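Asker: mmCIF, N, CA and C atoms, file protein_11.cif:
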```
data_start
#
loop_
_atom_site.label_atom_id
_atom_site.label_comp_id
_atom_site.auth_asym_id
_atom_site.auth_seq_id
_atom_site.Cartn_x
_atom_site.Cartn_y
_atom_site.Cartn_z
N MET A 1252 18.49 14.92 -10.32
CA MET A 1252 18.76 14.30 -9.03
C MET A 1252 17.49 13.64 -8.53
N VAL A 1253 17.55 12.37 -8.24
CA VAL A 1253 16.46 11.65 -7.62
C VAL A 1253 16.81 11.51 -6.15
N THR A 1254 15.96 12.06 -5.30
CA THR A 1254 16.28 12.04 -3.88
C THR A 1254 15.78 10.78 -3.22
N GLU A 1255 16.51 10.35 -2.21
CA GLU A 1255 16.18 9.14 -1.47
C GLU A 1255 15.34 9.46 -0.24
N ARG A 1256 15.41 10.70 0.26
CA ARG A 1256 14.66 11.13 1.44
C ARG A 1256 13.90 12.42 1.11
N TRP A 1257 12.72 12.57 1.68
CA TRP A 1257 11.94 13.78 1.41
C TRP A 1257 12.66 15.02 1.94
N GLU A 1258 13.47 14.87 2.99
CA GLU A 1258 14.17 16.01 3.56
C GLU A 1258 15.15 16.64 2.57
N ASP A 1259 15.59 15.87 1.57
CA ASP A 1259 16.53 16.40 0.58
C ASP A 1259 15.92 17.56 -0.20
N TYR A 1260 14.60 17.56 -0.36
CA TYR A 1260 13.95 18.67 -1.05
C TYR A 1260 14.09 19.96 -0.24
N LEU A 1261 14.11 19.84 1.08
CA LEU A 1261 14.32 21.01 1.92
C LEU A 1261 15.78 21.46 1.87
N PHE A 1262 16.68 20.49 1.95
CA PHE A 1262 18.12 20.79 1.96
C PHE A 1262 18.53 21.53 0.69
N HIS A 1263 18.01 21.11 -0.43
CA HIS A 1263 18.36 21.72 -1.71
C HIS A 1263 17.45 22.91 -2.04
N LEU A 1264 16.60 23.31 -1.07
CA LEU A 1264 15.73 24.47 -1.20
C LEU A 1264 14.80 24.42 -2.41
N VAL A 1265 14.32 23.23 -2.73
CA VAL A 1265 13.33 23.11 -3.79
C VAL A 1265 11.98 23.56 -3.25
N ASP A 1266 11.65 23.20 -2.03
CA ASP A 1266 10.42 23.60 -1.38
C ASP A 1266 10.76 24.29 -0.07
N LEU A 1267 9.87 25.15 0.36
CA LEU A 1267 10.14 25.92 1.58
C LEU A 1267 9.51 25.32 2.82
N SER A 1268 8.63 24.37 2.69
CA SER A 1268 8.00 23.78 3.87
C SER A 1268 8.18 22.27 3.87
N ALA A 1269 8.15 21.68 5.06
CA ALA A 1269 8.28 20.23 5.18
C ALA A 1269 7.11 19.52 4.51
N ALA A 1270 5.91 20.06 4.67
CA ALA A 1270 4.72 19.44 4.07
C ALA A 1270 4.82 19.44 2.55
N ALA A 1271 5.26 20.54 1.96
CA ALA A 1271 5.40 20.61 0.50
C ALA A 1271 6.48 19.65 0.01
N ALA A 1272 7.57 19.53 0.77
CA ALA A 1272 8.64 18.61 0.40
C ALA A 1272 8.14 17.17 0.44
N ARG A 1273 7.37 16.80 1.46
CA ARG A 1273 6.81 15.45 1.56
C ARG A 1273 5.87 15.17 0.40
N ARG A 1274 5.01 16.14 0.06
CA ARG A 1274 4.08 15.95 -1.07
C ARG A 1274 4.85 15.74 -2.37
N ARG A 1275 5.88 16.54 -2.59
CA ARG A 1275 6.68 16.42 -3.82
C ARG A 1275 7.38 15.07 -3.87
N PHE A 1276 7.91 14.63 -2.74
CA PHE A 1276 8.59 13.34 -2.64
C PHE A 1276 7.63 12.20 -2.98
N ARG A 1277 6.46 12.20 -2.35
CA ARG A 1277 5.47 11.15 -2.58
C ARG A 1277 4.97 11.16 -4.02
N GLN A 1278 4.69 12.36 -4.54
CA GLN A 1278 4.21 12.46 -5.92
C GLN A 1278 5.27 12.01 -6.91
N GLY A 1279 6.54 12.29 -6.60
CA GLY A 1279 7.63 11.85 -7.48
C GLY A 1279 7.69 10.34 -7.61
N ILE A 1280 7.42 9.63 -6.52
CA ILE A 1280 7.41 8.16 -6.57
C ILE A 1280 6.24 7.68 -7.41
N LYS A 1281 5.06 8.26 -7.20
CA LYS A 1281 3.88 7.87 -7.98
C LYS A 1281 4.10 8.17 -9.46
N ASP A 1282 4.69 9.31 -9.77
CA ASP A 1282 4.96 9.67 -11.16
C ASP A 1282 5.98 8.73 -11.80
N ALA A 1283 6.97 8.31 -11.03
CA ALA A 1283 7.98 7.39 -11.56
C ALA A 1283 7.36 6.06 -11.97
N TRP A 1284 6.24 5.69 -11.33
CA TRP A 1284 5.52 4.47 -11.68
C TRP A 1284 4.35 4.77 -12.61
N ASP A 1285 4.36 5.94 -13.23
CA ASP A 1285 3.32 6.35 -14.19
C ASP A 1285 1.92 6.31 -13.61
N GLY A 1286 1.79 6.53 -12.30
CA GLY A 1286 0.48 6.54 -11.67
C GLY A 1286 -0.17 5.17 -11.63
N ARG A 1287 0.64 4.13 -11.75
CA ARG A 1287 0.14 2.75 -11.78
C ARG A 1287 0.69 1.97 -10.60
N CYS A 1288 -0.05 0.96 -10.20
CA CYS A 1288 0.38 0.08 -9.12
C CYS A 1288 1.59 -0.73 -9.58
N ALA A 1289 2.63 -0.76 -8.76
CA ALA A 1289 3.84 -1.51 -9.10
C ALA A 1289 3.56 -3.00 -9.18
N TYR A 1290 2.54 -3.47 -8.49
CA TYR A 1290 2.25 -4.90 -8.43
C TYR A 1290 1.28 -5.35 -9.54
N CYS A 1291 0.09 -4.77 -9.59
CA CYS A 1291 -0.94 -5.26 -10.53
C CYS A 1291 -1.08 -4.40 -11.77
N ASP A 1292 -0.39 -3.27 -11.83
CA ASP A 1292 -0.38 -2.35 -12.97
C ASP A 1292 -1.70 -1.60 -13.14
N GLU A 1293 -2.57 -1.61 -12.13
CA GLU A 1293 -3.81 -0.85 -12.17
C GLU A 1293 -3.49 0.63 -12.03
N ALA A 1294 -4.31 1.48 -12.64
CA ALA A 1294 -4.16 2.94 -12.53
C ALA A 1294 -5.36 3.47 -11.75
N PRO A 1295 -5.27 3.49 -10.40
CA PRO A 1295 -6.43 3.86 -9.59
C PRO A 1295 -6.65 5.35 -9.40
N GLY A 1296 -5.96 6.18 -10.13
CA GLY A 1296 -6.15 7.63 -10.03
C GLY A 1296 -5.70 8.16 -8.68
N ASP A 1297 -6.57 8.93 -8.04
CA ASP A 1297 -6.19 9.56 -6.77
C ASP A 1297 -6.20 8.59 -5.60
N ARG A 1298 -6.52 7.32 -5.83
CA ARG A 1298 -6.49 6.32 -4.76
C ARG A 1298 -5.17 5.55 -4.74
N LEU A 1299 -4.18 6.02 -5.48
CA LEU A 1299 -2.86 5.39 -5.48
C LEU A 1299 -2.15 5.71 -4.17
N THR A 1300 -1.60 4.69 -3.54
CA THR A 1300 -0.91 4.86 -2.26
C THR A 1300 0.56 4.53 -2.43
N LEU A 1301 1.31 4.64 -1.36
CA LEU A 1301 2.70 4.19 -1.35
C LEU A 1301 2.79 2.98 -0.43
N ASP A 1302 3.51 1.97 -0.87
CA ASP A 1302 3.69 0.76 -0.09
C ASP A 1302 5.16 0.62 0.29
N HIS A 1303 5.40 0.27 1.55
CA HIS A 1303 6.76 -0.03 2.00
C HIS A 1303 7.06 -1.47 1.62
N LEU A 1304 8.05 -1.69 0.76
CA LEU A 1304 8.40 -3.06 0.36
C LEU A 1304 8.75 -3.89 1.58
N ARG A 1305 9.58 -3.35 2.44
CA ARG A 1305 9.83 -3.95 3.75
C ARG A 1305 9.07 -3.07 4.73
N PRO A 1306 8.02 -3.58 5.36
CA PRO A 1306 7.17 -2.75 6.23
C PRO A 1306 7.95 -2.07 7.35
N ARG A 1307 7.52 -0.88 7.69
CA ARG A 1307 8.16 -0.14 8.78
C ARG A 1307 8.08 -0.93 10.08
N SER A 1308 6.97 -1.66 10.26
CA SER A 1308 6.80 -2.45 11.49
C SER A 1308 7.81 -3.60 11.57
N ARG A 1309 8.46 -3.90 10.44
CA ARG A 1309 9.46 -4.97 10.39
C ARG A 1309 10.86 -4.42 10.13
N GLY A 1310 11.04 -3.13 10.44
CA GLY A 1310 12.36 -2.53 10.29
C GLY A 1310 12.61 -1.83 8.98
N GLY A 1311 11.60 -1.71 8.13
CA GLY A 1311 11.77 -1.05 6.85
C GLY A 1311 11.91 0.45 6.99
N SER A 1312 12.56 1.06 6.03
CA SER A 1312 12.82 2.50 6.07
C SER A 1312 11.75 3.27 5.29
N THR A 1313 11.82 4.58 5.39
CA THR A 1313 10.96 5.44 4.59
C THR A 1313 11.73 6.03 3.41
N LEU A 1314 12.84 5.39 3.05
CA LEU A 1314 13.62 5.83 1.90
C LEU A 1314 12.86 5.53 0.61
N ARG A 1315 13.13 6.31 -0.41
CA ARG A 1315 12.48 6.13 -1.71
C ARG A 1315 12.65 4.70 -2.24
N SER A 1316 13.81 4.12 -2.03
CA SER A 1316 14.07 2.77 -2.54
C SER A 1316 13.25 1.70 -1.82
N ASN A 1317 12.58 2.03 -0.72
CA ASN A 1317 11.72 1.08 -0.01
C ASN A 1317 10.25 1.37 -0.25
N LEU A 1318 9.93 2.36 -1.07
CA LEU A 1318 8.55 2.75 -1.34
C LEU A 1318 8.22 2.59 -2.81
N VAL A 1319 7.09 1.95 -3.09
CA VAL A 1319 6.59 1.86 -4.46
C VAL A 1319 5.14 2.31 -4.48
N ALA A 1320 4.69 2.73 -5.64
CA ALA A 1320 3.29 3.08 -5.81
C ALA A 1320 2.47 1.79 -5.78
N ALA A 1321 1.34 1.82 -5.08
CA ALA A 1321 0.50 0.63 -4.99
C ALA A 1321 -0.97 1.04 -4.88
N CYS A 1322 -1.84 0.27 -5.52
CA CYS A 1322 -3.27 0.51 -5.35
C CYS A 1322 -3.66 0.08 -3.94
N GLN A 1323 -4.79 0.55 -3.48
CA GLN A 1323 -5.22 0.22 -2.11
C GLN A 1323 -5.41 -1.28 -1.93
N ARG A 1324 -5.91 -1.96 -2.96
CA ARG A 1324 -6.13 -3.40 -2.87
C ARG A 1324 -4.83 -4.16 -2.62
N CYS A 1325 -3.81 -3.86 -3.41
CA CYS A 1325 -2.52 -4.55 -3.24
C CYS A 1325 -1.86 -4.16 -1.92
N ASN A 1326 -1.92 -2.90 -1.58
CA ASN A 1326 -1.30 -2.44 -0.33
C ASN A 1326 -1.93 -3.14 0.86
N ALA A 1327 -3.27 -3.23 0.88
CA ALA A 1327 -3.95 -3.89 1.99
C ALA A 1327 -3.71 -5.40 1.98
N SER A 1328 -3.68 -6.00 0.80
CA SER A 1328 -3.47 -7.44 0.68
C SER A 1328 -2.07 -7.83 1.17
N LYS A 1329 -1.08 -7.05 0.80
CA LYS A 1329 0.30 -7.33 1.22
C LYS A 1329 0.44 -7.12 2.72
N GLY A 1330 -0.23 -6.11 3.25
CA GLY A 1330 -0.16 -5.85 4.68
C GLY A 1330 1.27 -5.69 5.15
N SER A 1331 1.61 -6.37 6.22
CA SER A 1331 2.97 -6.26 6.77
C SER A 1331 3.79 -7.51 6.48
N ALA A 1332 3.53 -8.14 5.33
CA ALA A 1332 4.31 -9.31 4.93
C ALA A 1332 5.78 -8.93 4.85
N LEU A 1333 6.61 -9.72 5.49
CA LEU A 1333 8.04 -9.41 5.53
C LEU A 1333 8.69 -9.54 4.15
N CYS A 1334 8.26 -10.50 3.37
CA CYS A 1334 8.86 -10.73 2.05
C CYS A 1334 7.86 -10.38 0.95
N TRP A 1335 8.03 -9.23 0.35
CA TRP A 1335 7.11 -8.82 -0.71
C TRP A 1335 7.17 -9.79 -1.89
N ARG A 1336 8.34 -10.37 -2.14
CA ARG A 1336 8.50 -11.30 -3.26
C ARG A 1336 7.61 -12.53 -3.09
N ARG A 1337 7.59 -13.08 -1.87
CA ARG A 1337 6.78 -14.26 -1.60
C ARG A 1337 5.29 -13.92 -1.77
N TRP A 1338 4.89 -12.78 -1.20
CA TRP A 1338 3.49 -12.36 -1.33
C TRP A 1338 3.14 -12.14 -2.80
N TYR A 1339 3.99 -11.39 -3.52
CA TYR A 1339 3.69 -11.04 -4.91
C TYR A 1339 3.65 -12.27 -5.82
N SER A 1340 4.55 -13.21 -5.63
CA SER A 1340 4.57 -14.39 -6.51
C SER A 1340 3.32 -15.25 -6.35
N GLY A 1341 2.60 -15.10 -5.24
CA GLY A 1341 1.38 -15.85 -5.03
C GLY A 1341 0.12 -15.17 -5.54
N GLN A 1342 0.27 -13.98 -6.12
CA GLN A 1342 -0.90 -13.23 -6.61
C GLN A 1342 -1.25 -13.66 -8.04
N PRO A 1343 -2.54 -13.67 -8.39
CA PRO A 1343 -2.94 -14.08 -9.74
C PRO A 1343 -2.44 -13.12 -10.83
N TRP A 1344 -2.12 -11.89 -10.49
CA TRP A 1344 -1.65 -10.92 -11.46
C TRP A 1344 -0.13 -10.80 -11.47
N PHE A 1345 0.57 -11.75 -10.85
CA PHE A 1345 2.03 -11.74 -10.80
C PHE A 1345 2.60 -11.59 -12.21
N CYS A 1346 3.63 -10.77 -12.33
CA CYS A 1346 4.28 -10.52 -13.62
C CYS A 1346 5.78 -10.44 -13.38
N HIS A 1347 6.55 -11.25 -14.11
CA HIS A 1347 8.01 -11.25 -13.94
C HIS A 1347 8.61 -9.89 -14.29
N GLU A 1348 8.08 -9.22 -15.31
CA GLU A 1348 8.61 -7.92 -15.71
C GLU A 1348 8.42 -6.88 -14.60
N ARG A 1349 7.24 -6.84 -14.00
CA ARG A 1349 7.01 -5.88 -12.91
C ARG A 1349 7.85 -6.23 -11.69
N ALA A 1350 8.03 -7.53 -11.42
CA ALA A 1350 8.88 -7.94 -10.30
C ALA A 1350 10.32 -7.46 -10.53
N ALA A 1351 10.79 -7.54 -11.76
CA ALA A 1351 12.14 -7.08 -12.09
C ALA A 1351 12.26 -5.57 -11.91
N ARG A 1352 11.21 -4.83 -12.26
CA ARG A 1352 11.22 -3.38 -12.07
C ARG A 1352 11.28 -3.02 -10.59
N ILE A 1353 10.55 -3.76 -9.78
CA ILE A 1353 10.58 -3.53 -8.34
C ILE A 1353 11.98 -3.84 -7.80
N GLU A 1354 12.57 -4.92 -8.26
CA GLU A 1354 13.93 -5.29 -7.84
C GLU A 1354 14.91 -4.16 -8.18
N ALA A 1355 14.80 -3.61 -9.39
CA ALA A 1355 15.69 -2.51 -9.79
C ALA A 1355 15.46 -1.28 -8.92
N TRP A 1356 14.23 -1.06 -8.53
CA TRP A 1356 13.86 0.09 -7.70
C TRP A 1356 14.51 0.00 -6.32
N LEU A 1357 14.75 -1.22 -5.84
CA LEU A 1357 15.30 -1.42 -4.50
C LEU A 1357 16.72 -0.89 -4.33
N VAL A 1358 17.43 -0.70 -5.42
CA VAL A 1358 18.82 -0.25 -5.35
C VAL A 1358 18.81 1.28 -5.23
N PRO A 1359 19.17 1.82 -4.04
CA PRO A 1359 19.11 3.27 -3.83
C PRO A 1359 19.94 4.03 -4.85
N GLY A 1360 19.31 5.02 -5.46
CA GLY A 1360 20.02 5.88 -6.39
C GLY A 1360 20.37 5.26 -7.71
N GLN A 1361 20.00 4.00 -7.91
CA GLN A 1361 20.34 3.36 -9.18
C GLN A 1361 19.08 2.96 -9.93
N GLY A 1362 18.29 2.07 -9.36
CA GLY A 1362 17.10 1.58 -10.04
C GLY A 1362 16.13 2.67 -10.40
N ALA A 1363 15.84 3.57 -9.47
CA ALA A 1363 14.88 4.63 -9.72
C ALA A 1363 15.38 5.55 -10.82
N GLU A 1364 16.66 5.91 -10.79
CA GLU A 1364 17.21 6.80 -11.80
C GLU A 1364 17.23 6.14 -13.16
N GLU A 1365 17.54 4.85 -13.22
CA GLU A 1365 17.55 4.16 -14.51
C GLU A 1365 16.17 4.16 -15.13
N LEU A 1366 15.13 3.96 -14.32
CA LEU A 1366 13.77 3.97 -14.84
C LEU A 1366 13.43 5.34 -15.41
N LEU A 1367 13.84 6.40 -14.73
CA LEU A 1367 13.53 7.75 -15.18
C LEU A 1367 14.34 8.13 -16.41
N ILE A 1368 15.63 7.78 -16.42
CA ILE A 1368 16.48 8.10 -17.56
C ILE A 1368 15.98 7.36 -18.80
N ALA A 1369 15.49 6.14 -18.61
CA ALA A 1369 15.00 5.35 -19.73
C ALA A 1369 13.64 5.84 -20.21
N GLY A 1370 13.10 6.85 -19.59
CA GLY A 1370 11.82 7.39 -20.04
C GLY A 1370 10.67 6.94 -19.18
N GLY A 1371 10.93 6.52 -17.97
CA GLY A 1371 9.84 6.10 -17.09
C GLY A 1371 9.45 4.66 -17.37
N LEU A 1372 8.46 4.20 -16.67
CA LEU A 1372 7.97 2.85 -16.87
C LEU A 1372 7.11 2.80 -18.12
N ASN A 1373 7.11 1.68 -18.78
CA ASN A 1373 6.30 1.46 -19.98
C ASN A 1373 6.61 2.47 -21.09
N GLY A 1374 7.83 3.06 -21.06
CA GLY A 1374 8.21 3.98 -22.12
C GLY A 1374 7.62 5.37 -22.00
N HIS A 1375 6.95 5.69 -20.89
CA HIS A 1375 6.35 7.00 -20.71
C HIS A 1375 7.19 7.82 -19.75
N ARG A 1376 7.31 9.07 -20.01
CA ARG A 1376 8.07 9.97 -19.14
C ARG A 1376 7.11 10.73 -18.25
N ALA A 1377 7.40 10.77 -16.97
CA ALA A 1377 6.59 11.53 -16.03
C ALA A 1377 7.18 12.92 -15.92
N ASP A 1378 6.53 13.92 -16.50
CA ASP A 1378 7.03 15.28 -16.48
C ASP A 1378 6.28 16.13 -15.46
N SER A 1379 6.28 15.71 -14.22
CA SER A 1379 5.55 16.43 -13.18
C SER A 1379 6.37 17.55 -12.57
N GLY A 1380 7.66 17.58 -12.86
CA GLY A 1380 8.52 18.55 -12.20
C GLY A 1380 9.05 18.01 -10.89
N ALA A 1381 8.63 16.81 -10.49
CA ALA A 1381 9.07 16.24 -9.22
C ALA A 1381 10.47 15.67 -9.33
N VAL A 1382 10.94 15.40 -10.52
CA VAL A 1382 12.28 14.87 -10.70
C VAL A 1382 13.18 16.02 -11.08
N LEU A 1383 14.23 16.21 -10.34
CA LEU A 1383 15.13 17.34 -10.55
C LEU A 1383 16.27 16.94 -11.47
N PRO A 1384 16.79 17.89 -12.23
CA PRO A 1384 17.94 17.57 -13.08
C PRO A 1384 19.17 17.22 -12.24
N ALA A 1385 19.99 16.35 -12.77
CA ALA A 1385 21.22 15.94 -12.06
C ALA A 1385 22.17 17.12 -11.97
N GLU A 1386 22.89 17.17 -10.86
CA GLU A 1386 23.86 18.24 -10.69
C GLU A 1386 25.07 17.98 -11.57
N THR A 1387 25.68 19.04 -12.04
CA THR A 1387 26.87 18.89 -12.88
C THR A 1387 28.11 19.15 -12.08
#
```
Please render this file's structure as structure tokens.
Answerer:
Amino acid sequence: MVTERWEDYLFHLVDLSAAAARRRFRQGIKDAWDGRCAYCDEAPGDRLTLDHLRPRSRGGSTLRSNLVAACQRCNASKGSALCWRRWYSGQPWFCHERAARIEAWLVPGQGAEELLIAGGLNGHRADSGAVLPAET
């Protein structure tokens, strides 16, 4: 089960505290992107952040489908741009394949799960324990 909201970890009793559920939720997104920036593919280690594709200041949600892993440089450069596609296509590191992955990620409960079922991004599986098995 790939959750769309961090609160789902509490509902399904995976974690006992809200803080632990938020950490697991955030780490699950970073792991799904193999610890790499969704935009430039850099692996900044512990400096990896989460970026709202549609900024919260512009009505964007905190759902998993609106959050991607991003390095600090890309996150700051994008800022509160309303259209991530327009911003991203103007970057020197623009990549059609990564743009397609981000597009797939935007579909709640579909894009993220397909990436994980296919073995993660770039053919690597993130085995952090943050992704729960699907219910039967």
Asker: Translate the PyMOL selection byres ((chain A and resi 1301) around 7) into a concrete residue list for this structure, as a compact mmCIF listing (two decimals) with N, CA and C atoms, in the frame of the given file.
Answerer:
```txt
# COMPACT_ATOMS: atom_id res chain seq x y z
N LEU A 1299 -4.18 6.02 -5.48
CA LEU A 1299 -2.86 5.39 -5.48
C LEU A 1299 -2.15 5.71 -4.17
N THR A 1300 -1.60 4.69 -3.54
CA THR A 1300 -0.91 4.86 -2.26
C THR A 1300 0.56 4.53 -2.43
N ASP A 1302 3.51 1.97 -0.87
CA ASP A 1302 3.69 0.76 -0.09
C ASP A 1302 5.16 0.62 0.29
N HIS A 1303 5.40 0.27 1.55
CA HIS A 1303 6.76 -0.03 2.00
C HIS A 1303 7.06 -1.47 1.62
N LEU A 1318 9.93 2.36 -1.07
CA LEU A 1318 8.55 2.75 -1.34
C LEU A 1318 8.22 2.59 -2.81
N VAL A 1319 7.09 1.95 -3.09
CA VAL A 1319 6.59 1.86 -4.46
C VAL A 1319 5.14 2.31 -4.48
N ALA A 1320 4.69 2.73 -5.64
CA ALA A 1320 3.29 3.08 -5.81
C ALA A 1320 2.47 1.79 -5.78
N ALA A 1321 1.34 1.82 -5.08
CA ALA A 1321 0.50 0.63 -4.99
C ALA A 1321 -0.97 1.04 -4.88
N CYS A 1322 -1.84 0.27 -5.52
CA CYS A 1322 -3.27 0.51 -5.35
C CYS A 1322 -3.66 0.08 -3.94
N ASN A 1326 -1.92 -2.90 -1.58
CA ASN A 1326 -1.30 -2.44 -0.33
C ASN A 1326 -1.93 -3.14 0.86
```
Asker: Give me, as a PyMOL selection string, the residues of segment 1258-1323 of chain A that a backbone DSSP run labels strand (DSSP E).
Answerer: chain A and resi 1300-1303+1318-1321
Asker: Considering only C-alpha atoms, return as a compact mmCIF listing (two decimals) with N, CA and C atoms, in the frame of the given file whatever protein or nucleic-acid residues lie within 8 Å of Arg1256 of chain A, sequence-local ones (same chain, fewer than 6 positions apart) excluded.
Answerer:
```
# COMPACT_ATOMS: atom_id res chain seq x y z
N PHE A 1276 7.91 14.63 -2.74
CA PHE A 1276 8.59 13.34 -2.64
C PHE A 1276 7.63 12.20 -2.98
N THR A 1313 11.82 4.58 5.39
CA THR A 1313 10.96 5.44 4.59
C THR A 1313 11.73 6.03 3.41
N LEU A 1314 12.84 5.39 3.05
CA LEU A 1314 13.62 5.83 1.90
C LEU A 1314 12.86 5.53 0.61
N ARG A 1315 13.13 6.31 -0.41
CA ARG A 1315 12.48 6.13 -1.71
C ARG A 1315 12.65 4.70 -2.24
```
Asker: To one decimal in Å, tell me the separation between atom N of Pro1359 of chain A and atom CA of Ser1316 of chain A.
Answerer: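 Result for atom N of Pro1359 of chain A versus atom CA of Ser1316 of chain A: 5.4 Å, one decimal.
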Asker: So the first atom is atom CA of Gln1342 of chain A and the second is atom CA of Cys1291 of chain A; what is the distance between them in Å, to one decimal place?
Answerer: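 Interatomic distance, atom CA of Gln1342 of chain A to atom CA of Cys1291 of chain A: 8.9 Å.
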Asker: So that I can check the surroundings of Pro1306 of chain A, please list as number ranges by chain every protein, DNA and RNA residue that reaches within 6 Å of it, counting all atoms listed in the file and ignoring chain neighbours fewer than 3 positions away.
Answerer: A: 1303, 1309-1312, 1331-1333
Asker: Please return as a ChimeraX atom specification: the residues of segment 1280-1377 of chain A that backbone DSSP assigns to alpha helix (DSSP H).
Answerer: /A:1280-1283,1323-1329,1335-1340,1347-1356,1362-1368
Asker: May I have the residues from that selection written out with N, CA and C atoms, as a short mmCIF file (atom, residue, chain, number, x, y, z; two decimals), in the coordinates of the input?
Answerer:
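Wrote it out as again_22.cif, contents follow:
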```
data_model
loop_
_atom_site.label_atom_id
_atom_site.label_comp_id
_atom_site.auth_asym_id
_atom_site.auth_seq_id
_atom_site.Cartn_x
_atom_site.Cartn_y
_atom_site.Cartn_z
N ILE A 1280 7.42 9.63 -6.52
CA ILE A 1280 7.41 8.16 -6.57
C ILE A 1280 6.24 7.68 -7.41
N LYS A 1281 5.06 8.26 -7.20
CA LYS A 1281 3.88 7.87 -7.98
C LYS A 1281 4.10 8.17 -9.46
N ASP A 1282 4.69 9.31 -9.77
CA ASP A 1282 4.96 9.67 -11.16
C ASP A 1282 5.98 8.73 -11.80
N ALA A 1283 6.97 8.31 -11.03
CA ALA A 1283 7.98 7.39 -11.56
C ALA A 1283 7.36 6.06 -11.97
N GLN A 1323 -4.79 0.55 -3.48
CA GLN A 1323 -5.22 0.22 -2.11
C GLN A 1323 -5.41 -1.28 -1.93
N ARG A 1324 -5.91 -1.96 -2.96
CA ARG A 1324 -6.13 -3.40 -2.87
C ARG A 1324 -4.83 -4.16 -2.62
N CYS A 1325 -3.81 -3.86 -3.41
CA CYS A 1325 -2.52 -4.55 -3.24
C CYS A 1325 -1.86 -4.16 -1.92
N ASN A 1326 -1.92 -2.90 -1.58
CA ASN A 1326 -1.30 -2.44 -0.33
C ASN A 1326 -1.93 -3.14 0.86
N ALA A 1327 -3.27 -3.23 0.88
CA ALA A 1327 -3.95 -3.89 1.99
C ALA A 1327 -3.71 -5.40 1.98
N SER A 1328 -3.68 -6.00 0.80
CA SER A 1328 -3.47 -7.44 0.68
C SER A 1328 -2.07 -7.83 1.17
N LYS A 1329 -1.08 -7.05 0.80
CA LYS A 1329 0.30 -7.33 1.22
C LYS A 1329 0.44 -7.12 2.72
N TRP A 1335 8.03 -9.23 0.35
CA TRP A 1335 7.11 -8.82 -0.71
C TRP A 1335 7.17 -9.79 -1.89
N ARG A 1336 8.34 -10.37 -2.14
CA ARG A 1336 8.50 -11.30 -3.26
C ARG A 1336 7.61 -12.53 -3.09
N ARG A 1337 7.59 -13.08 -1.87
CA ARG A 1337 6.78 -14.26 -1.60
C ARG A 1337 5.29 -13.92 -1.77
N TRP A 1338 4.89 -12.78 -1.20
CA TRP A 1338 3.49 -12.36 -1.33
C TRP A 1338 3.14 -12.14 -2.80
N TYR A 1339 3.99 -11.39 -3.52
CA TYR A 1339 3.69 -11.04 -4.91
C TYR A 1339 3.65 -12.27 -5.82
N SER A 1340 4.55 -13.21 -5.63
CA SER A 1340 4.57 -14.39 -6.51
C SER A 1340 3.32 -15.25 -6.35
N HIS A 1347 6.55 -11.25 -14.11
CA HIS A 1347 8.01 -11.25 -13.94
C HIS A 1347 8.61 -9.89 -14.29
N GLU A 1348 8.08 -9.22 -15.31
CA GLU A 1348 8.61 -7.92 -15.71
C GLU A 1348 8.42 -6.88 -14.60
N ARG A 1349 7.24 -6.84 -14.00
CA ARG A 1349 7.01 -5.88 -12.91
C ARG A 1349 7.85 -6.23 -11.69
N ALA A 1350 8.03 -7.53 -11.42
CA ALA A 1350 8.88 -7.94 -10.30
C ALA A 1350 10.32 -7.46 -10.53
N ALA A 1351 10.79 -7.54 -11.76
CA ALA A 1351 12.14 -7.08 -12.09
C ALA A 1351 12.26 -5.57 -11.91
N ARG A 1352 11.21 -4.83 -12.26
CA ARG A 1352 11.22 -3.38 -12.07
C ARG A 1352 11.28 -3.02 -10.59
N ILE A 1353 10.55 -3.76 -9.78
CA ILE A 1353 10.58 -3.53 -8.34
C ILE A 1353 11.98 -3.84 -7.80
N GLU A 1354 12.57 -4.92 -8.26
CA GLU A 1354 13.93 -5.29 -7.84
C GLU A 1354 14.91 -4.16 -8.18
N ALA A 1355 14.80 -3.61 -9.39
CA ALA A 1355 15.69 -2.51 -9.79
C ALA A 1355 15.46 -1.28 -8.92
N TRP A 1356 14.23 -1.06 -8.53
CA TRP A 1356 13.86 0.09 -7.70
C TRP A 1356 14.51 0.00 -6.32
N GLY A 1362 18.29 2.07 -9.36
CA GLY A 1362 17.10 1.58 -10.04
C GLY A 1362 16.13 2.67 -10.40
N ALA A 1363 15.84 3.57 -9.47
CA ALA A 1363 14.88 4.63 -9.72
C ALA A 1363 15.38 5.55 -10.82
N GLU A 1364 16.66 5.91 -10.79
CA GLU A 1364 17.21 6.80 -11.80
C GLU A 1364 17.23 6.14 -13.16
N GLU A 1365 17.54 4.85 -13.22
CA GLU A 1365 17.55 4.16 -14.51
C GLU A 1365 16.17 4.16 -15.13
N LEU A 1366 15.13 3.96 -14.32
CA LEU A 1366 13.77 3.97 -14.84
C LEU A 1366 13.43 5.34 -15.41
N LEU A 1367 13.84 6.40 -14.73
CA LEU A 1367 13.53 7.75 -15.18
C LEU A 1367 14.34 8.13 -16.41
N ILE A 1368 15.63 7.78 -16.42
CA ILE A 1368 16.48 8.10 -17.56
C ILE A 1368 15.98 7.36 -18.80
#
```
